[in-house]
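*Asks:* See protein_39.tsv below, with TSV, C-alpha atoms and all ligand atoms.
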chain	number	residue	atom	x	y	z
A	10	MET	CA	23.66	7.27	-5.28
A	11	THR	CA	20.22	7.02	-3.84
A	12	ASP	CA	19.13	10.01	-1.91
A	13	LEU	CA	16.47	9.39	0.60
A	14	ALA	CA	13.84	11.84	-0.48
A	15	GLY	CA	11.57	9.44	-2.36
A	16	THR	CA	13.95	6.50	-2.18
A	17	PRO	CA	13.17	3.92	-4.83
A	18	GLY	CA	14.69	1.30	-2.51
A	19	PRO	CA	16.96	-1.57	-3.41
A	20	ALA	CA	16.10	-3.68	-6.42
A	21	GLU	CA	14.19	-6.77	-5.37
A	22	PRO	CA	14.44	-9.78	-7.66
A	23	GLY	CA	11.11	-11.55	-7.86
A	24	GLY	CA	9.48	-8.87	-5.78
A	25	SER	CA	10.65	-10.39	-2.46
A	26	PRO	CA	10.89	-7.85	0.35
A	27	PRO	CA	14.23	-6.27	1.22
A	28	ALA	CA	16.25	-7.71	4.10
A	29	VAL	CA	15.66	-4.53	6.10
A	30	ARG	CA	13.36	-1.57	5.56
A	31	THR	CA	12.70	1.22	8.02
A	32	ARG	CA	10.44	4.20	7.55
A	33	GLY	CA	10.69	7.34	9.62
A	34	LEU	CA	12.42	5.53	12.47
A	35	PHE	CA	12.76	7.95	15.36
A	36	LYS	CA	14.26	7.86	18.86
A	37	ARG	CA	14.84	10.53	21.44
A	38	PHE	CA	16.72	10.28	24.74
A	39	GLY	CA	15.47	13.23	26.79
A	40	ALA	CA	16.32	16.34	24.80
A	41	GLN	CA	18.72	14.41	22.55
A	42	VAL	CA	17.28	13.18	19.25
A	43	ALA	CA	19.43	10.13	18.49
A	44	VAL	CA	17.60	8.93	15.36
A	45	ALA	CA	15.69	11.59	13.47
A	46	GLY	CA	13.55	9.75	10.91
A	47	VAL	CA	15.64	7.02	9.33
A	48	ASP	CA	14.59	5.36	6.06
A	49	LEU	CA	17.06	2.51	5.83
A	50	ALA	CA	16.84	0.13	2.91
A	51	VAL	CA	19.01	-2.98	2.64
A	52	PRO	CA	18.58	-5.44	-0.24
A	53	ARG	CA	18.61	-9.20	0.33
A	54	GLY	CA	21.86	-11.14	0.18
A	55	GLY	CA	25.41	-10.01	0.75
A	56	PHE	CA	27.00	-7.48	3.06
A	57	ALA	CA	25.59	-4.06	3.89
A	58	GLY	CA	27.60	-1.53	5.86
A	59	LEU	CA	26.12	1.11	8.17
A	60	VAL	CA	28.73	3.82	8.58
A	61	GLY	CA	29.01	7.33	9.97
A	62	PRO	CA	30.76	9.35	12.66
A	63	ASN	CA	30.58	8.74	16.42
A	64	GLY	CA	27.12	9.54	17.72
A	65	ALA	CA	25.49	9.42	14.25
A	66	GLY	CA	22.82	7.04	15.55
A	67	LYS	CA	24.00	3.70	14.11
A	68	THR	CA	23.76	1.63	17.31
A	69	THR	CA	20.41	3.17	18.23
A	70	THR	CA	19.07	2.36	14.74
A	71	LEU	CA	20.34	-1.23	14.84
A	72	SER	CA	18.89	-1.70	18.35
A	73	MET	CA	15.44	-0.61	17.13
A	74	ILE	CA	15.62	-2.91	14.09
A	75	THR	CA	16.64	-5.94	16.16
A	76	GLY	CA	13.91	-5.48	18.76
A	77	LEU	CA	16.23	-4.39	21.57
A	78	LEU	CA	15.00	-0.79	21.82
A	79	ARG	CA	11.45	0.42	21.21
A	80	PRO	CA	11.24	3.28	18.67
A	81	ASP	CA	9.38	6.48	19.53
A	82	GLY	CA	8.12	6.61	15.95
A	83	GLY	CA	8.34	4.99	12.54
A	84	THR	CA	8.45	1.34	11.49
A	85	ALA	CA	11.10	-1.31	10.99
A	86	GLU	CA	10.72	-4.43	8.87
A	87	VAL	CA	13.03	-7.41	8.53
A	88	ALA	CA	12.35	-9.76	5.60
A	89	GLY	CA	8.96	-8.07	5.20
A	90	MET	CA	7.89	-8.60	8.83
A	91	ASP	CA	7.23	-5.74	11.22
A	92	VAL	CA	9.76	-5.95	14.06
A	93	TRP	CA	7.48	-4.47	16.70
A	94	ARG	CA	4.17	-6.06	15.60
A	95	ASP	CA	5.59	-9.53	15.05
A	96	PRO	CA	8.60	-9.71	17.38
A	97	VAL	CA	8.70	-13.49	17.87
A	98	ALA	CA	8.67	-14.26	14.15
A	99	VAL	CA	11.32	-11.61	13.48
A	100	LYS	CA	13.57	-12.81	16.28
A	101	SER	CA	13.55	-16.33	14.82
A	102	GLN	CA	14.94	-14.90	11.57
A	103	VAL	CA	17.64	-12.61	12.91
A	104	GLY	CA	20.98	-13.04	14.63
A	105	VAL	CA	22.53	-10.18	16.59
A	106	LEU	CA	26.02	-9.37	17.77
A	107	PRO	CA	25.29	-6.22	19.78
A	108	GLU	CA	27.61	-3.48	20.89
A	109	GLY	CA	29.04	-4.00	24.39
A	110	LEU	CA	28.32	-7.69	24.03
A	111	ARG	CA	26.72	-8.98	27.23
A	112	LEU	CA	27.11	-12.72	27.58
A	113	PHE	CA	26.39	-15.28	30.28
A	114	GLU	CA	29.78	-14.98	31.90
A	115	ARG	CA	29.54	-18.03	34.15
A	116	LEU	CA	28.93	-20.44	31.29
A	117	SER	CA	31.71	-22.00	29.25
A	118	GLY	CA	31.79	-21.22	25.53
A	119	ARG	CA	30.30	-24.63	24.74
A	120	GLU	CA	27.56	-24.21	27.38
A	121	LEU	CA	26.72	-20.77	26.03
A	122	LEU	CA	26.14	-22.19	22.54
A	123	SER	CA	24.18	-25.11	23.92
A	124	TYR	CA	21.96	-22.77	25.95
A	125	ASN	CA	21.39	-20.52	22.93
A	126	GLY	CA	20.42	-23.49	20.79
A	127	GLN	CA	17.98	-24.78	23.39
A	128	ILE	CA	16.18	-21.46	23.82
A	129	ARG	CA	15.85	-21.37	20.02
A	130	GLY	CA	14.16	-24.77	20.14
A	131	ILE	CA	16.81	-26.60	18.09
A	132	PRO	CA	17.08	-30.35	18.91
A	133	LYS	CA	19.90	-31.11	21.35
A	134	ASP	CA	21.95	-33.33	19.01
A	135	GLU	CA	21.77	-30.73	16.27
A	136	VAL	CA	22.85	-27.98	18.69
A	137	ALA	CA	25.84	-30.09	19.79
A	138	ARG	CA	26.85	-30.73	16.18
A	139	ARG	CA	26.56	-27.07	15.14
A	140	ALA	CA	28.32	-25.89	18.31
A	141	GLU	CA	31.34	-28.15	17.70
A	142	GLU	CA	31.59	-26.95	14.09
A	143	LEU	CA	31.31	-23.30	15.07
A	144	LEU	CA	33.87	-23.65	17.90
A	145	LYS	CA	36.27	-25.31	15.46
A	146	VAL	CA	35.89	-22.75	12.71
A	147	MET	CA	36.25	-19.89	15.22
A	148	ASP	CA	39.41	-21.52	16.56
A	149	LEU	CA	37.81	-21.79	20.00
A	150	SER	CA	37.83	-25.58	20.43
A	151	GLY	CA	40.72	-25.33	22.92
A	152	ALA	CA	38.81	-22.75	24.98
A	153	ALA	CA	35.37	-24.42	24.70
A	154	ASP	CA	35.31	-25.40	28.39
A	155	LYS	CA	36.73	-22.14	29.71
A	156	LEU	CA	34.25	-19.72	31.32
A	157	VAL	CA	33.27	-16.81	29.08
A	158	VAL	CA	34.31	-14.39	31.85
A	159	ASP	CA	37.90	-15.52	31.20
A	160	TYR	CA	37.73	-14.94	27.43
A	161	SER	CA	39.72	-12.14	25.77
A	162	THR	CA	37.91	-9.35	23.85
A	163	GLY	CA	38.45	-11.08	20.51
A	164	MET	CA	37.37	-14.47	21.88
A	165	ARG	CA	34.17	-12.85	23.20
A	166	LYS	CA	33.42	-11.46	19.73
A	167	LYS	CA	33.96	-14.88	18.23
A	168	ILE	CA	31.76	-16.78	20.71
A	169	GLY	CA	29.14	-14.02	20.41
A	170	LEU	CA	29.18	-14.42	16.64
A	171	ALA	CA	28.96	-18.22	16.95
A	172	ALA	CA	25.91	-17.79	19.22
A	173	ALA	CA	24.34	-15.38	16.71
A	174	LEU	CA	24.85	-17.86	13.84
A	175	LEU	CA	23.78	-21.05	15.60
A	176	HIS	CA	20.10	-20.90	14.50
A	177	ASN	CA	21.09	-20.04	10.91
A	178	PRO	CA	19.29	-16.66	10.78
A	179	LYS	CA	18.27	-15.01	7.50
A	180	VAL	CA	19.67	-11.61	8.52
A	181	LEU	CA	22.64	-11.07	10.80
A	182	PHE	CA	23.23	-7.72	12.53
A	183	LEU	CA	26.76	-7.02	13.74
A	184	ASP	CA	27.82	-3.92	15.66
A	185	GLU	CA	31.58	-3.40	15.18
A	186	PRO	CA	32.21	-7.14	14.69
A	187	PHE	CA	35.98	-6.89	14.22
A	188	GLU	CA	36.79	-4.59	17.13
A	189	GLY	CA	39.49	-6.22	19.28
A	190	VAL	CA	39.85	-9.17	16.92
A	191	ASP	CA	43.39	-10.01	15.81
A	192	PRO	CA	44.10	-10.01	12.04
A	193	VAL	CA	44.27	-13.80	11.74
A	194	SER	CA	40.97	-14.25	13.57
A	195	ALA	CA	39.45	-11.39	11.53
A	196	ASN	CA	40.29	-13.31	8.36
A	197	THR	CA	38.64	-16.40	9.80
A	198	LEU	CA	35.53	-14.40	10.68
A	199	VAL	CA	35.40	-12.92	7.19
A	200	GLU	CA	35.59	-16.41	5.67
A	201	VAL	CA	32.74	-17.64	7.91
A	202	LEU	CA	30.64	-14.59	7.08
A	203	ARG	CA	31.29	-14.93	3.34
A	204	ARG	CA	30.12	-18.52	3.46
A	205	TYR	CA	27.02	-17.38	5.28
A	206	THR	CA	26.14	-14.71	2.69
A	207	ALA	CA	26.99	-16.99	-0.26
A	208	SER	CA	23.78	-18.92	0.47
A	209	GLY	CA	21.67	-15.76	0.08
A	210	SER	CA	21.66	-14.52	3.68
A	211	THR	CA	22.25	-10.88	4.56
A	212	ILE	CA	24.68	-9.22	6.97
A	213	VAL	CA	24.18	-5.67	8.17
A	214	PHE	CA	27.14	-4.37	10.08
A	215	SER	CA	28.34	-1.11	11.50
A	216	SER	CA	32.02	-0.31	11.42
A	217	HIS	CA	34.49	2.53	11.53
A	218	VAL	CA	37.04	0.51	9.54
A	219	MET	CA	36.42	1.82	6.03
A	220	GLU	CA	38.91	-0.55	4.37
A	221	LEU	CA	36.87	-3.45	5.70
A	222	VAL	CA	33.58	-1.93	4.59
A	223	GLU	CA	35.08	-1.41	1.11
A	224	ARG	CA	36.42	-4.95	1.02
A	225	LEU	CA	33.20	-6.64	2.16
A	226	CYS	CA	30.15	-4.56	1.37
A	227	ASP	CA	28.01	-4.48	-1.74
A	228	TRP	CA	25.72	-1.90	-0.19
A	229	VAL	CA	26.45	1.05	2.09
A	230	SER	CA	24.20	3.31	4.16
A	231	VAL	CA	25.78	6.47	5.54
A	232	MET	CA	24.37	8.11	8.68
A	233	ASN	CA	25.04	11.54	10.11
A	234	LEU	CA	23.24	13.39	12.91
A	235	GLY	CA	20.51	10.78	13.21
A	236	ARG	CA	19.69	10.59	9.50
A	237	ILE	CA	20.66	8.57	6.44
A	238	VAL	CA	22.57	10.97	4.21
A	239	ALA	CA	23.24	8.51	1.40
A	240	GLN	CA	22.76	4.84	0.61
A	241	GLY	CA	23.22	2.59	-2.36
A	242	PRO	CA	25.63	0.17	-3.98
A	243	LEU	CA	29.21	0.63	-2.75
A	244	ALA	CA	30.48	1.74	-6.17
A	245	GLU	CA	27.88	4.51	-6.33
A	246	ILE	CA	28.58	5.80	-2.85
A	247	ARG	CA	32.33	5.72	-3.41
A	248	GLY	CA	32.15	7.46	-6.78
A	249	GLY	CA	35.61	7.45	-8.30
A	250	GLY	CA	37.50	7.76	-5.00
A	251	THR	CA	37.78	6.00	-1.68
A	252	LEU	CA	34.85	5.39	0.64
A	253	ASN	CA	36.63	7.42	3.30
A	254	ALA	CA	36.83	10.47	1.01
A	255	ALA	CA	33.19	10.07	-0.02
A	256	ILE	CA	32.10	9.96	3.63
A	257	LEU	CA	34.16	13.00	4.54
A	258	ASP	CA	32.40	14.82	1.70
A	259	LEU	CA	29.00	13.65	2.89
A	260	VAL	CA	29.33	14.36	6.59
A	261	GLY	CA	31.84	17.20	6.34
A	262	ALA	CA	35.30	17.13	7.92
A	263	ARG	CA	34.91	18.70	11.34
A	264	GLY	CA	37.27	21.30	12.70
A	265	ASN	CA	37.33	20.58	16.41
A	266	GLY	CA	39.60	23.37	17.58
A	267	GLU	CA	42.79	21.28	17.50
A	268	GLU	CA	44.65	24.59	17.10
A	269	GLY	CA	43.83	25.22	20.79
A	270	LEU	CA	46.18	22.44	21.87
A	271	SER	CA	49.40	24.44	21.52
A	272	TRP	CA	50.58	23.26	24.97
A	273	LEU	CA	50.32	19.60	24.00
A	274	GLY	CA	53.80	18.17	23.46
A	275	SER	CA	55.46	21.56	24.00
A	276	SER	CA	58.39	21.73	26.41
A	277	SER	CA	57.32	25.09	27.90
A	278	GLY	CA	54.28	23.84	29.78
B	301	LIG	N1	20.83	5.33	26.33
B	301	LIG	C1	21.10	6.57	25.91
B	301	LIG	N2	20.81	7.64	26.68
B	301	LIG	C2	21.06	8.89	26.24
B	301	LIG	N3	21.62	9.19	25.05
B	301	LIG	C3	21.93	8.15	24.24
B	301	LIG	C4	21.71	6.80	24.63
B	301	LIG	N4	22.12	5.99	23.61
B	301	LIG	C5	22.58	6.81	22.65
B	301	LIG	N5	22.47	8.10	23.02
B	301	LIG	C6	22.85	9.30	22.22
B	301	LIG	O1	22.29	9.12	20.92
B	301	LIG	C7	23.21	9.54	19.93
B	301	LIG	C8	23.46	8.41	18.96
B	301	LIG	O2	24.21	7.39	19.64
B	301	LIG	P1	24.58	6.00	18.96
B	301	LIG	O3	25.25	5.16	20.01
B	301	LIG	O4	23.38	5.44	18.30
B	301	LIG	O5	25.62	6.47	17.85
B	301	LIG	P2	26.65	5.61	16.97
B	301	LIG	O6	26.52	6.11	15.57
B	301	LIG	O7	26.43	4.15	17.19
B	301	LIG	O8	28.03	6.07	17.57
B	301	LIG	P3	29.45	5.31	17.70
B	301	LIG	O9	30.00	5.22	16.31
B	301	LIG	O10	30.25	6.23	18.56
B	301	LIG	O11	29.21	3.97	18.33
B	301	LIG	C9	24.45	10.04	20.66
B	301	LIG	O12	24.37	11.44	20.76
B	301	LIG	C10	24.34	9.38	22.02
B	301	LIG	O13	24.92	10.19	23.03
What is this structure when it is put down as structure tokens?
Ligand SMILES: Nc1ncnc2c1ncn2[C@@H]1O[C@H](COP(=O)(O)OP(=O)(O)OP(=O)(O)O)[C@@H](O)[C@H]1O
*Replies:*
Amino acid sequence: MTDLAGTPGPAEPGGSPPAVRTRGLFKRFGAQVAVAGVDLAVPRGGFAGLVGPNGAGKTTTLSMITGLLRPDGGTAEVAGMDVWRDPVAVKSQVGVLPEGLRLFERLSGRELLSYNGQIRGIPKDEVARRAEELLKVMDLSGAADKLVVDYSTGMRKKIGLAAALLHNPKVLFLDEPFEGVDPVSANTLVEVLRRYTASGSTIVFSSHVMELVERLCDWVSVMNLGRIVAQGPLAEIRGGGTLNAAILDLVGARGNGEEGLSWLGSSSG
């Protein structure tokens, strides 16, 4: 397992830069330090998981790496480019499925994809072709002309993911991509994402579903209290046990005073 003091970083075949590299990334909201100097390192190609308890700083970190939130300190690089010095170049290389997905609600699914393609500068015919393929593979062809406002939670994730993939980014960032997605659709999404990484692209995703992280990820970064507490290949992080057990060891199982709930479920209250 790679501990972050003097991280050697992920192995880079041919010396190409890692998919993501942050140094000392820092963000404070008032008195609350959300991200306390994060050195994230994600190698190119495959799936990387960003995991950790609620409030660990995962979403804040991903927002700073994808250019959505300006850091108070530190640097973030995607494919060797500085996110905050070269934002236009970086944005052309990344796709993002953010938390609390905000979409253009008054567009249909098809219009949303078409609009996304046009603002990315992709020729209209090509956008139409890619949009039809993505709608089909996401099982959204039947809902393509429905307004996004009328989509279910899972359908929103799928159209959001289709929009994030349309310009064929090098690195895809997904915040809880499978939340609210039914098991059949989740399998479809996994297939699409596997195809995407098979060609050498990288997915960085945050999730609380450890089984999924174990099933998909080659690389795992564990956050706690605004810091990376461990990162490396999945097998190293997991050791001989499950990822869940390894994470409990790393972040510590928290006693939250559950013993105080004696009235809960009792007939005397
Ligand atoms: N806009 C904000 N204003 C104030 N505090 C914030 C804001 N965004 C995040 N925080 C705080 O920063 C800390 C990290 O939050 P963040 O959402 O990054 O955690 P997370 O690891 O993504 O959590 P979860 O797994 O629950 O989604 C939390 O203590 C949170 O309350």
*Asks:* Using all atoms listed in the file, find each residue with an atom at most 12 Å away from ligand LIG 301 (chain B) and format the answer as number ranges by chain.
*Replies:* A: 35-45, 47, 59-73, 77-79, 107-109, 183-185, 188, 214-218, 230-237
*Asks:* When you draw a straight line from CA of Pro242 in chain A to CA of Ala57 in chain A, how long is it in Å?
*Replies:*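 Distance between the two atoms: 8.9 Å.
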*Asks:* Where does range 163-227 of chain A meet range 96-105 of chain A within 10 Å, residue by residue, with the nearest atom pair and distance in Å to one decimal for each, counting all atoms listed in the file, listed by chain and rising number, as a tab-separated table?
*Replies:*
residue	atom	partner	partner_atom	distance
A:Gly169	CA	A:Val105	CA	8.5
A:Leu170	CA	A:Val105	CA	7.9
A:Ala171	CA	A:Gly104	CA	9.8
A:Ala172	CA	A:Gly104	CA	8.2
A:Ala173	CA	A:Gly104	CA	4.6
A:Leu174	CA	A:Gly104	CA	6.2
A:Leu175	CA	A:Gly104	CA	8.5
A:His176	CA	A:Gly104	CA	7.9
A:Asn177	CA	A:Gly104	CA	7.9
A:Pro178	CA	A:Gln102	CA	4.8
A:Lys179	CA	A:Gln102	CA	5.3
A:Val180	CA	A:Val103	CA	4.9
A:Leu181	CA	A:Gly104	CA	4.6
A:Phe182	CA	A:Val105	CA	4.8
A:Leu183	CA	A:Val105	CA	6.0
A:Asp184	CA	A:Val105	CA	8.2
A:Thr211	CA	A:Val103	CA	9.7
A:Ile212	CA	A:Gly104	CA	9.3
A:Val213	CA	A:Val105	CA	9.7
A:Phe214	CA	A:Val105	CA	9.9
*Asks:* Env of Lys133 in chain A: 9 Å cut, atoms = only C-alpha atoms, seq-sep filter 6 positions within chain, self excluded. Answer as a list in words.
*Replies:* Ser123, Gly126 and Gln127 of chain A
*Asks:* Just the number, please: distance in Å from CA of Gly76 in chain A to CA of Phe187 in chain A, one decimal.
*Replies:*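 Straight-line distance from CA of Gly76 in chain A to CA of Phe187 in chain A works out to 22.6 Å.
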*Asks:* I want to know what sits within 12 Å of range 138-152 of chain A, based on all atoms listed in the file, with residues of the same chain fewer than 6 positions away left out; could you give that as a count of residues only?
*Replies:* 45
*Asks:* Counting all atoms listed in the file, figure out which residue out of A:Phe56, A:Ala50, A:Glu245, A:Val29 gets nearest to Tyr205 in chain A.
*Replies:* A:Phe56
*Asks:* Just give me the gap between CA of Pro26 in chain A and CA of Arg129 in chain A in Å, one decimal is fine.
*Replies:*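 Spanning CA of Pro26 in chain A to CA of Arg129 in chain A is a straight-line distance of 24.4 Å.
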*Asks:* Taking all atoms listed in the file into account, which of A:Gly241, A:Gly189, A:Gly269, A:Gly46 comes nearest Gly58 in chain A?
*Replies:* A:Gly241
*Asks:* Identify which of the residues A:Arg111, A:Arg30, A:Lys155, A:Arg53 lies closest to Asp227 in chain A, counting all atoms listed in the file when measuring atom-to-atom distances.
*Replies:* A:Arg53
